[in-house]
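Okay, so here's the structure we're looking at.
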Amino acid sequence: MSVCLSAQTREANYDESKVPAYELPEPLVFSSGKPVSSRRQWKKRRAELMELFRERMYGREPSAPKDISFEVTKVVPDAFGGLSTMKEVRIMLDPSGEHYLVMLMFVPNGAEKPVPAFLGINFKGNHTTTDLEEVSLPDEVQLRNYGPGYQVPERGLNARRWPYEYILEHGYAVCTFCVHDPEPDLKGHYDYGIRKVYDGGSPRPDSWGSVSAWAWSLCRALDYLCKDPSVDARRVAVIGHSRLGKTALWAGAMDRRFAMVVANDSGCSGAALSRRVYGENLGIINTSFPYWFCSNYKEYNDAEASLPFDQHELIAMIAPRPVYVASASEDLWADPYGEYLSLVYATPVYRLFGYDGFSDTSMPAAGDSKVIGRMGHHIREGQHDCILYDWERFITFADRFLKK
Ligand code: GCU
């Protein structure tokens, strides 16, 4: 009987009238029930939430490694017809030299240095983010860490998601690396990634999942940016689409050096409230992608109401830094309304810091775009994707906070 029930709830619900009645945990109330009434108390509450998210959802990441080296492996001073300097940087993830990221970066030429930057992971390889022939294909070490049988996708395949020239013309550097560099985004590939190295061989129920490993790698990329004089590491926006939007949010919570966070179509276990159980739900995500989160998280399959937190508290942990949540009207799998509501329910924490936020609980119409205080939101008409339309709005938002 119960098997039957759980199979039913694992089917995605798209009917608003079937969203269960739910009560969200209050970000400004400690687990003990005591209210948070000052910024100093929020600091403690935030630490309590971080601990809960680590233990129950993302898993525990290792501390930043010491003595990790970087190497600039390629410089093209006149990429995009002179608009930009392109660089490739090898960023070591462990002292063995067996695991590294190859970060591709474009810095606008002629702009006053250091410039603000966007940093985000790509799905299929640096060479898929642009047609530029100068961008290297993955090397032998990278391919070995992606696991056997990996087929290198064609150059330029995902270029629509990375409108480099537009971003550069607006005065931002842009940096990216392939998701598989730290940890392959493939089921059953634990043996190939960085998690195993730091786990000491075998995972525990609260060992980091791959979303945590990707987020941690974004922090390592930021470590490099702190040493690159062309970029202002105090003005870096971490950005991501979909599973990598989930990752950007967690990176922003984990590492307060990120000055801004942008999550595009991040959906279930990203910006969307889990308790709405609308579109993709925890049972579905933990079954399709069992390696994204720690194994403790599976306890909440078909039991969202028993989570000790919800995703609005992930947004709250980014406060008071600027945060942008974007959705697409046809991307119901990601629950656009639940993504928006997370902003609304994180607003009390922004207010504690003296910034306004969203308070209207009605669903914004397709095509709407709004900034209030340090929160931005839009819902593009159309499907799950990250295109120039989205970037135009991210840049307008970033111009308010990251330009001098
Ligand atoms: C799947 C997954 C989503 C994820 C998306 C993506 O659809 O279920 O949770 O956001 O892939 O990363 O594109």
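Numbering starts fresh at 1 for the residues of each chain in the structure tokens, the chains themselves are lettered A, B, ... in the order given, and ligands are numbered from 1 as they appear.
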Nearby polymer residues, ligand 1, at most 9 Å, only C-alpha atoms and all ligand atoms, as an mmCIF file with N, CA, C and O atoms, in the first residue's frame:
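Below is the file part-v1.cif, written as the result:
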data_model
loop_
_atom_site.group_PDB
_atom_site.id
_atom_site.type_symbol
_atom_site.label_atom_id
_atom_site.label_comp_id
_atom_site.auth_asym_id
_atom_site.auth_seq_id
_atom_site.Cartn_x
_atom_site.Cartn_y
_atom_site.Cartn_z
ATOM 1 N N PHE A 123 27.791 23.305 -18.677
ATOM 2 C CA PHE A 123 27.365 21.902 -18.674
ATOM 3 C C PHE A 123 28.248 20.974 -19.504
ATOM 4 O O PHE A 123 28.343 19.787 -19.208
ATOM 5 N N HIS A 241 22.643 28.099 -14.251
ATOM 6 C CA HIS A 241 21.356 27.712 -14.838
ATOM 7 C C HIS A 241 21.001 26.297 -14.384
ATOM 8 O O HIS A 241 21.841 25.402 -14.417
ATOM 9 N N SER A 242 19.743 26.139 -13.955
ATOM 10 C CA SER A 242 19.202 24.817 -13.668
ATOM 11 C C SER A 242 19.968 24.097 -12.555
ATOM 12 O O SER A 242 20.125 24.667 -11.483
ATOM 13 N N ARG A 243 20.521 22.904 -12.754
ATOM 14 C CA ARG A 243 21.268 22.246 -11.677
ATOM 15 C C ARG A 243 22.433 23.137 -11.240
ATOM 16 O O ARG A 243 22.862 23.115 -10.097
ATOM 17 N N LEU A 244 22.922 23.933 -12.167
ATOM 18 C CA LEU A 244 24.032 24.817 -11.827
ATOM 19 C C LEU A 244 23.538 26.120 -11.198
ATOM 20 O O LEU A 244 24.305 26.862 -10.591
ATOM 21 N N GLY A 245 22.224 26.372 -11.317
ATOM 22 C CA GLY A 245 21.581 27.453 -10.557
ATOM 23 C C GLY A 245 21.422 27.026 -9.107
ATOM 24 O O GLY A 245 21.636 27.807 -8.182
ATOM 25 N N LYS A 246 21.081 25.747 -8.908
ATOM 26 C CA LYS A 246 21.041 25.196 -7.543
ATOM 27 C C LYS A 246 22.430 25.373 -6.928
ATOM 28 O O LYS A 246 22.595 25.743 -5.759
ATOM 29 N N ASP A 265 16.308 29.419 -13.491
ATOM 30 C CA ASP A 265 15.545 28.158 -13.642
ATOM 31 C C ASP A 265 16.105 27.070 -12.716
ATOM 32 O O ASP A 265 16.262 25.909 -13.124
ATOM 33 N N SER A 266 16.368 27.437 -11.472
ATOM 34 C CA SER A 266 17.077 26.514 -10.575
ATOM 35 C C SER A 266 16.163 25.432 -9.994
ATOM 36 O O SER A 266 16.625 24.368 -9.603
ATOM 37 N N GLY A 267 14.862 25.700 -9.918
ATOM 38 C CA GLY A 267 13.865 24.671 -9.612
ATOM 39 C C GLY A 267 14.029 23.911 -8.314
ATOM 40 O O GLY A 267 14.490 24.448 -7.294
ATOM 41 N N CYS A 268 13.642 22.638 -8.356
ATOM 42 C CA CYS A 268 13.641 21.764 -7.179
ATOM 43 C C CYS A 268 15.025 21.713 -6.526
ATOM 44 O O CYS A 268 16.031 21.477 -7.200
ATOM 45 N N SER A 269 15.070 21.971 -5.236
ATOM 46 C CA SER A 269 16.318 21.993 -4.470
ATOM 47 C C SER A 269 17.237 23.148 -4.875
ATOM 48 O O SER A 269 18.420 23.169 -4.554
ATOM 49 N N GLY A 270 16.641 24.091 -5.633
ATOM 50 C CA GLY A 270 17.310 25.363 -5.932
ATOM 51 C C GLY A 270 16.481 26.430 -5.239
ATOM 52 O O GLY A 270 16.324 26.396 -4.017
ATOM 53 N N GLU A 280 8.950 19.003 -10.336
ATOM 54 C CA GLU A 280 9.889 18.017 -9.790
ATOM 55 C C GLU A 280 9.847 18.059 -8.261
ATOM 56 O O GLU A 280 9.798 19.126 -7.658
ATOM 57 N N ASN A 281 9.867 16.896 -7.618
ATOM 58 C CA ASN A 281 9.853 16.883 -6.143
ATOM 59 C C ASN A 281 11.045 16.087 -5.618
ATOM 60 O O ASN A 281 11.857 15.553 -6.395
ATOM 61 N N ILE A 284 11.575 12.483 -6.749
ATOM 62 C CA ILE A 284 12.009 12.383 -8.153
ATOM 63 C C ILE A 284 13.489 12.753 -8.274
ATOM 64 O O ILE A 284 14.287 12.014 -8.861
ATOM 65 N N ILE A 285 13.867 13.883 -7.691
ATOM 66 C CA ILE A 285 15.251 14.363 -7.887
ATOM 67 C C ILE A 285 16.245 13.392 -7.246
ATOM 68 O O ILE A 285 17.296 13.087 -7.823
ATOM 69 N N SER A 288 16.398 10.276 -9.637
ATOM 70 C CA SER A 288 17.076 10.482 -10.928
ATOM 71 C C SER A 288 18.535 10.878 -10.744
ATOM 72 O O SER A 288 19.381 10.531 -11.566
ATOM 73 N N PHE A 289 18.799 11.656 -9.706
ATOM 74 C CA PHE A 289 20.163 12.175 -9.506
ATOM 75 C C PHE A 289 20.610 11.881 -8.074
ATOM 76 O O PHE A 289 20.801 12.802 -7.268
ATOM 77 N N TRP A 333 8.256 22.276 -14.591
ATOM 78 C CA TRP A 333 9.074 21.291 -13.862
ATOM 79 C C TRP A 333 9.839 21.964 -12.719
ATOM 80 O O TRP A 333 10.040 21.385 -11.650
ATOM 81 N N ALA A 334 10.276 23.215 -12.966
ATOM 82 C CA ALA A 334 11.066 23.961 -11.964
ATOM 83 C C ALA A 334 10.179 24.782 -11.020
ATOM 84 O O ALA A 334 10.692 25.460 -10.134
ATOM 85 N N HIS A 384 12.585 26.279 -20.476
ATOM 86 C CA HIS A 384 13.765 26.107 -19.631
ATOM 87 C C HIS A 384 15.028 26.386 -20.460
ATOM 88 O O HIS A 384 15.365 25.615 -21.360
ATOM 89 N N ASP A 385 15.718 27.469 -20.164
ATOM 90 C CA ASP A 385 16.951 27.802 -20.894
ATOM 91 C C ASP A 385 17.530 29.065 -20.261
ATOM 92 O O ASP A 385 16.908 29.666 -19.375
#
Non-local contacts of segment 136-139 of chain A (10 Å; only C-alpha atoms; under 5 positions in same chain excluded) as a list in words: Lys74, Glu88, Val102, Leu104, Gly125, Asn126, His127, Thr128, Arg144, Tyr146, Val152, Pro153, Glu154, Arg155, Cys178 and Asp181 of chain A
Would you mind exporting the chosen residues as a compact mmCIF listing (two decimals), in the first residue's frame, restricted to C-alpha atoms?
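Saved the output as part-v7.txt:
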# COMPACT_ATOMS: atom_id res chain seq x y z
CA LYS A 74 46.89 30.21 -22.45
CA GLU A 88 42.74 29.65 -19.61
CA VAL A 102 40.42 24.56 -16.53
CA LEU A 104 38.12 29.92 -19.35
CA GLY A 125 32.83 22.02 -21.76
CA ASN A 126 34.41 25.44 -22.25
CA HIS A 127 34.65 24.86 -25.99
CA THR A 128 30.85 24.48 -26.18
CA ARG A 144 40.19 10.70 -17.49
CA TYR A 146 35.08 12.51 -16.68
CA VAL A 152 33.36 15.32 -26.32
CA PRO A 153 30.45 17.49 -27.57
CA GLU A 154 30.84 19.76 -30.58
CA ARG A 155 32.32 23.25 -30.35
CA CYS A 178 33.04 22.51 -17.16
CA ASP A 181 36.11 18.98 -14.14
Distance criterion (only C-alpha atoms): nearest to Asp94 of chain A out of A:Ile68, A:Leu282, A:Leu402, A:Ala159: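 Looking only at the distances to Asp94 of chain A, the closest residue turns out to be A:Ile68.
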Close residues, Tyr192 of chain A itself excluded, 9 Å, only C-alpha atoms, min 4 positions apart in chain, as number ranges by chain: A: 144-147, 183-184, 196
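The environment of Phe118 of chain A within 7 Å, counting only C-alpha atoms and disregarding residues fewer than 6 places along the same chain, consists of Tyr172, Ala173, Val174, Cys175, Val236, Ala237, Val238 and Ile239 of chain A.
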Output the selection as a PDB file, in the first residue's frame - N, CA and C atoms for each residue.
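And here's part_38.pdb as it stands now:
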ATOM      1  N   TYR A 172      31.965  43.670 -17.974  1.00  0.00           N
ATOM      2  CA  TYR A 172      32.189  42.553 -17.048  1.00  0.00           C
ATOM      3  C   TYR A 172      33.131  41.516 -17.649  1.00  0.00           C
ATOM      4  N   ALA A 173      33.944  40.951 -16.807  1.00  0.00           N
ATOM      5  CA  ALA A 173      34.680  39.739 -17.182  1.00  0.00           C
ATOM      6  C   ALA A 173      33.727  38.567 -16.995  1.00  0.00           C
ATOM      7  N   VAL A 174      33.992  37.466 -17.674  1.00  0.00           N
ATOM      8  CA  VAL A 174      33.155  36.287 -17.496  1.00  0.00           C
ATOM      9  C   VAL A 174      34.049  35.047 -17.463  1.00  0.00           C
ATOM     10  N   CYS A 175      33.788  34.191 -16.482  1.00  0.00           N
ATOM     11  CA  CYS A 175      34.673  33.051 -16.214  1.00  0.00           C
ATOM     12  C   CYS A 175      33.820  31.797 -16.084  1.00  0.00           C
ATOM     13  N   VAL A 236      32.340  39.888  -7.643  1.00  0.00           N
ATOM     14  CA  VAL A 236      32.081  38.716  -8.484  1.00  0.00           C
ATOM     15  C   VAL A 236      30.668  38.192  -8.222  1.00  0.00           C
ATOM     16  N   ALA A 237      29.894  38.056  -9.294  1.00  0.00           N
ATOM     17  CA  ALA A 237      28.558  37.451  -9.203  1.00  0.00           C
ATOM     18  C   ALA A 237      28.688  35.987  -9.581  1.00  0.00           C
ATOM     19  N   VAL A 238      28.166  35.120  -8.730  1.00  0.00           N
ATOM     20  CA  VAL A 238      28.160  33.701  -9.073  1.00  0.00           C
ATOM     21  C   VAL A 238      26.813  33.420  -9.728  1.00  0.00           C
ATOM     22  N   ILE A 239      26.863  32.702 -10.844  1.00  0.00           N
ATOM     23  CA  ILE A 239      25.660  32.529 -11.668  1.00  0.00           C
ATOM     24  C   ILE A 239      25.535  31.072 -12.090  1.00  0.00           C
TER      25      ILE A 239
END
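Of the residues in segment 116-241 of chain A, those given strand (DSSP E) by DSSP on the backbone are Pro116, Ala117, Phe118, Leu119, Gly120, Ile121, Asn122, Ala173, Val174, Cys175, Thr176, Phe177, Cys178, Val231, Asp232, Ala233, Arg234, Arg235, Val236, Ala237, Val238, Ile239, Gly240 and His241 of chain A.
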Filtering to C-alpha atoms, could you give me those residues as an mmCIF file, in the first residue's frame?
data_model
loop_
_atom_site.group_PDB
_atom_site.id
_atom_site.type_symbol
_atom_site.label_atom_id
_atom_site.label_comp_id
_atom_site.auth_asym_id
_atom_site.auth_seq_id
_atom_site.Cartn_x
_atom_site.Cartn_y
_atom_site.Cartn_z
ATOM 1 C CA PRO A 116 33.596 43.081 -11.925
ATOM 2 C CA ALA A 117 32.919 39.552 -13.149
ATOM 3 C CA PHE A 118 30.400 36.777 -13.605
ATOM 4 C CA LEU A 119 31.544 33.297 -12.655
ATOM 5 C CA GLY A 120 29.488 30.236 -13.556
ATOM 6 C CA ILE A 121 29.893 26.578 -14.435
ATOM 7 C CA ASN A 122 28.992 25.256 -17.896
ATOM 8 C CA ALA A 173 34.680 39.739 -17.182
ATOM 9 C CA VAL A 174 33.155 36.287 -17.496
ATOM 10 C CA CYS A 175 34.673 33.051 -16.214
ATOM 11 C CA THR A 176 33.530 29.460 -16.588
ATOM 12 C CA PHE A 177 34.611 25.844 -16.282
ATOM 13 C CA CYS A 178 33.039 22.508 -17.159
ATOM 14 C CA VAL A 231 39.345 41.160 -11.917
ATOM 15 C CA ASP A 232 37.933 42.684 -8.728
ATOM 16 C CA ALA A 233 37.279 39.626 -6.565
ATOM 17 C CA ARG A 234 35.072 41.739 -4.299
ATOM 18 C CA ARG A 235 32.668 42.245 -7.206
ATOM 19 C CA VAL A 236 32.081 38.716 -8.484
ATOM 20 C CA ALA A 237 28.558 37.451 -9.203
ATOM 21 C CA VAL A 238 28.160 33.701 -9.073
ATOM 22 C CA ILE A 239 25.660 32.529 -11.668
ATOM 23 C CA GLY A 240 24.141 29.254 -12.813
ATOM 24 C CA HIS A 241 21.356 27.712 -14.838
#
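Using only C-alpha atoms, the shortest contact distance between Phe30 of chain A and any of A:Tyr58, A:Glu48, A:Ser212, A:Tyr150 is found at A:Glu48.
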Polymer residues at most 9 Å from Met254 of chain A, only C-alpha atoms, same-chain spacing of 6 or more positions, as a list in words: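 The residues that qualify are Met50, Ala215, Trp216, Cys219, Met317 and Ile318 of chain A.
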Separation of atom CA of Met103 of chain A from atom CA of Trp214 of chain A in Å: 13.2 Å
Neighbour list for Met363 of chain A as JSON, numbers by chain, cut-off 9 Å, only C-alpha atoms, skip fewer than 4 positions in-chain: {"A": [336, 337, 340, 341]}
Segment 100-331 of chain A: residues DSSP assigns to alpha helix (DSSP H), reported as a ChimeraX atom specification: /A:140-146,164-169,194-199,210-225,243-254,282-288,312-316
